[in-house]
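**Student:** Encoded as structure tokens, here's the structure I'll be asking about.
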Amino acid sequence: MSQNEFPIKRSFIEETFPVKEVSEESAREKNIRHGHISTLHIWWARRPLASSRATAYAALIPAPQSIEEAEKIKQFIADLSKWENSLNPTYIEKARDDIRKALGYTPRVLDPFAGGGAIPLEALRLGCETYASDYNPVAVLILKAVLEYPQKYGEKLVEDVRKWGEWVLEEARKEIGRFYPSDVVEQNGYFGESGEEYIPVGYIWARTIPCQNPSCSAEIPLMRQFWLAKKSNKKVTLYPYVEGKEVRFRIIGDGYEEMPKNFDPSKGTIKRAIATCLVCGSTVDANTTRKLFQEGKAGERMVAVVLHHPKKKGKFYRVADEKDMEVFRQAEEELNGKVEELRKKWGIEPVPDEPTPEGKGKGAERAFSVRNYGLNTWGDLFNSRQKLALITFVDKVREAYRKMVEEGYEEEYARGVVTYLALILSRCSDFESTLVRWFNHVENAGNTFARQALPMTWDYLELNLFSPVSQGTFKSMFEQAIKTVEFLTK
Ligand SMILES: C[S@@+](CC[C@H](N)C(=O)[O-])C[C@H]1O[C@@H](n2cnc3c(N)ncnc32)[C@H](O)[C@@H]1O
Ligand SMILES: [Zn+2]
């Protein structure tokens, strides 16, 4: 049979398909974290693996001869599509055999718009000679990590991604770990006993604007609400109070000071860009709020520190103080030096200065609302310590490549290893911007691209990328990536 002629007159998928079962598997897959390619890197329009596998198979085998046969094959397809059967030879080998038998040759599959790589990955799994392309360079990088390197290098990738990922983390820690100092408890307090060490998970910030009442001019910390932990078994909140002309905070709730009556933590100081001054009670309308941001009259203030103790469950909170700000300012100074160093070393601007999208058409103004507040470049979406952390990690990833080549690794292989490290870091940056929210219902970091948008965020979490707990840290992204590389090279 010539390879130009497709020997199947009518394929299975043209006749029937277990739509309901495969849809359910596809939906279920969204919650799978261990080893799934989505944990390597986000791709907006990635197809589920379940439907990719099932449709590829159903397109490459012939239509059934009878209703009984159709039902039997539909059941097989439903089982084949299950995540748990991704590496199960009983299903995968049979699927490969069926295709080979039906066609009499190894089919070539091309996905010219391959994006996140789900379809080509499943075509590969089914034994097809697979090609993938995309016009987006990020997609191409993801495709290399999902399809090309695992095929080419196999299991030794796992070892080297682990080794060099740990190297990057430790080198970065040596350089900037000091900007995330632990709390050593000096006196027995709400939590912790003297001498105990608490590691910062992150810092909660509020952007600020000045009150426009001329007789007040107090700083308004913009917070959409005050909850820190809002779980059924744990309620902790920031409690704002006024001292002189200043808004100050206390931490109240379970394990802290008692919650005063008549305080509703869900009511913050800003809603739909209308801000309320807690000192004088006057409001700032939405247009003025935007104008203040655009004119550079807005600021930001660290309000709380989220902490973790390696031997204790849950997170701990304290109000941020002058010492925290001092460390932050040191990081700011360090950033200036680091930017200069890397500008020379790389020959490009280390902090991205390209414009954020303006968006077009209806809804764009809201989708990219950061634009209404003067956050006009990608760099504007990060505070100084976040910038320092991210460019330092990038520097270390590049250094890892240099060092690997120096140690005699083949260049192409070294590039493969650092590609994973770069993807890990890119995922971290999703969790390390001033658009990241503190998710008080789970006491965990949110991420920038919760939606495909860049919406303005008034209060945000600055994550400590070195934290041993929380989503989005280098370690957590790294562990997920390793599992995926393991899965892809099995
Ligand atoms: C729906 S996604 C593909 C999903 C993918 N097939 C999978 O298996 O997960 C569509 C992709 O087409 C890409 N694309 C759009 N126009 C393109 C073009 N003219 N040439 C190449 N790729 C293109 C986009 O970058 C995007 O990644
Ligand atoms: Zn006021």
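Chain identifiers are assigned as A, B, and so on, following the order in which chains appear in the structure tokens; residues are numbered from 1 within each chain, and ligands are numbered from 1 in order of appearance.
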I'd like the contact shell of A:Asp285 - 10 Å cut-off, only C-alpha atoms, skipping same-chain residues fewer than 6 positions apart - returned as a PyMOL selection string.
**Tutor:** chain A and resi 212+272-276
**Student:** Please extract the residues at most 9 Å from ligand 2, counting only C-alpha atoms and all ligand atoms, and provide them as a ChimeraX atom specification, using the chain letters and residue numbers of this document.
**Tutor:** /A:210-220,245,276-283
**Student:** Compare A:Phe293, A:Ile67, A:Ala132, A:Glu29 by their minimum atom-to-atom distance to ligand 1, counting only C-alpha atoms and all ligand atoms, and give me the closest one.
**Tutor:**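 When distances to ligand 1 are compared using only C-alpha atoms and all ligand atoms, the smallest one comes from A:Ala132.
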**Student:** Using only C-alpha atoms, which of the listed residues (A:Trp378, A:Met456, A:Lys483, A:Gln471) sits closest to A:Glu159?
**Tutor:**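 The answer is A:Lys483, which sits nearest to A:Glu159.
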**Student:** Quote the spacing between atom CA of A:Glu407 and atom CA of A:Ile391 in Å to one decimal place.
**Tutor:**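 One can read the atom CA of A:Glu407 to atom CA of A:Ile391 distance as 24.1 Å.
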**Student:** Find the residues near ligand 1. Use a cut-off of 10 Å, count only C-alpha atoms and all ligand atoms, and write them as number ranges by chain.
**Tutor:** A: 38, 43-49, 51-53, 110-123, 132-140, 143
**Student:** Atom CA of A:Leu488 and atom CA of A:Pro150 are how many Å apart?
**Tutor:**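 About the pair atom CA of A:Leu488 and atom CA of A:Pro150: they are 6.0 Å apart.
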**Student:** Please identify the strand (DSSP E or B) residues within stretch 52-231 of chain A (assignment by DSSP from backbone atoms) and present them as a PyMOL selection string.
**Tutor:** chain A and resi 62+108-111+129-132+183-184+197-210+219-222+227-231
**Student:** Residues near stretch 421-433 of chain A, anyone? I mean within 7 Å using only C-alpha atoms, not counting same-chain ones fewer than 6 positions away, as a count of residues only.
**Tutor:** 19
**Student:** Would you kindly return, as a PyMOL selection string, each protein, DNA or RNA residue with an atom no farther than 8 Å from any atom of stretch 326-340 of chain A, considering only C-alpha atoms and excluding same-chain residues fewer than 5 positions away?
**Tutor:** chain A and resi 179-180+349-351+384-385+387-388+392
**Student:** Excluding same-chain residues fewer than 5 positions from A:Lys291, what lies within 12 Å of it counting only C-alpha atoms, as a list in words?
**Tutor:** Ile209, Pro210, Gln212, Ala273, Val284, Asp285, Ala286, Gly296, Lys297, Ala298, Arg371, Asn372, Tyr373 and Gly374 of chain A
**Student:** I'd like the contact shell of A:Gly154 - 8 Å cut-off, only C-alpha atoms, skipping same-chain residues fewer than 5 positions apart - returned as a list in words.
**Tutor:** Tyr149, Thr489 and Lys490 of chain A
**Student:** Report the distance between atom CA of A:Tyr239 and atom CA of A:Asp264 in Å, rounded to one decimal place.
**Tutor:**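 Computing it gives 9.5 Å between the two atoms.
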**Student:** Compare A:Lys231, A:Pro357, A:Ser369, A:Val303 by their minimum atom-to-atom distance to A:Glu322, counting only C-alpha atoms, and give me the closest one.
**Tutor:**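 With only C-alpha atoms as the atom set, the closest residue is A:Val303.
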**Student:** So, counting only C-alpha atoms, which residue among A:Leu80, A:Ile142, A:Val158, A:Ala58 is closest to A:Glu479?
**Tutor:** A:Val158
**Student:** Would you mind writing down, as a ChimeraX atom specification, each residue of stretch 104-238 of chain A that DSSP on the backbone assigns to alpha helix (DSSP H)?
**Tutor:** /A:118-125,137-143,149-153,156-176
**Student:** Between A:Pro221, A:Met404, A:Pro355, A:Gly255, which has the minimum distance to A:Val242 (counting only C-alpha atoms)?
**Tutor:** A:Pro221
**Student:** List the neighbours of A:Glu129 out to 10 Å using only C-alpha atoms; skip same-chain residues closer than 2 positions along the sequence, and give me the result as a list in words.
**Tutor:**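 After dropping sequence-adjacent residues, the list is Thr106, Pro107, Arg108, Val109, Leu110, Pro120, Ala123, Leu124, Arg125, Leu126, Gly127 and Tyr131 of chain A.
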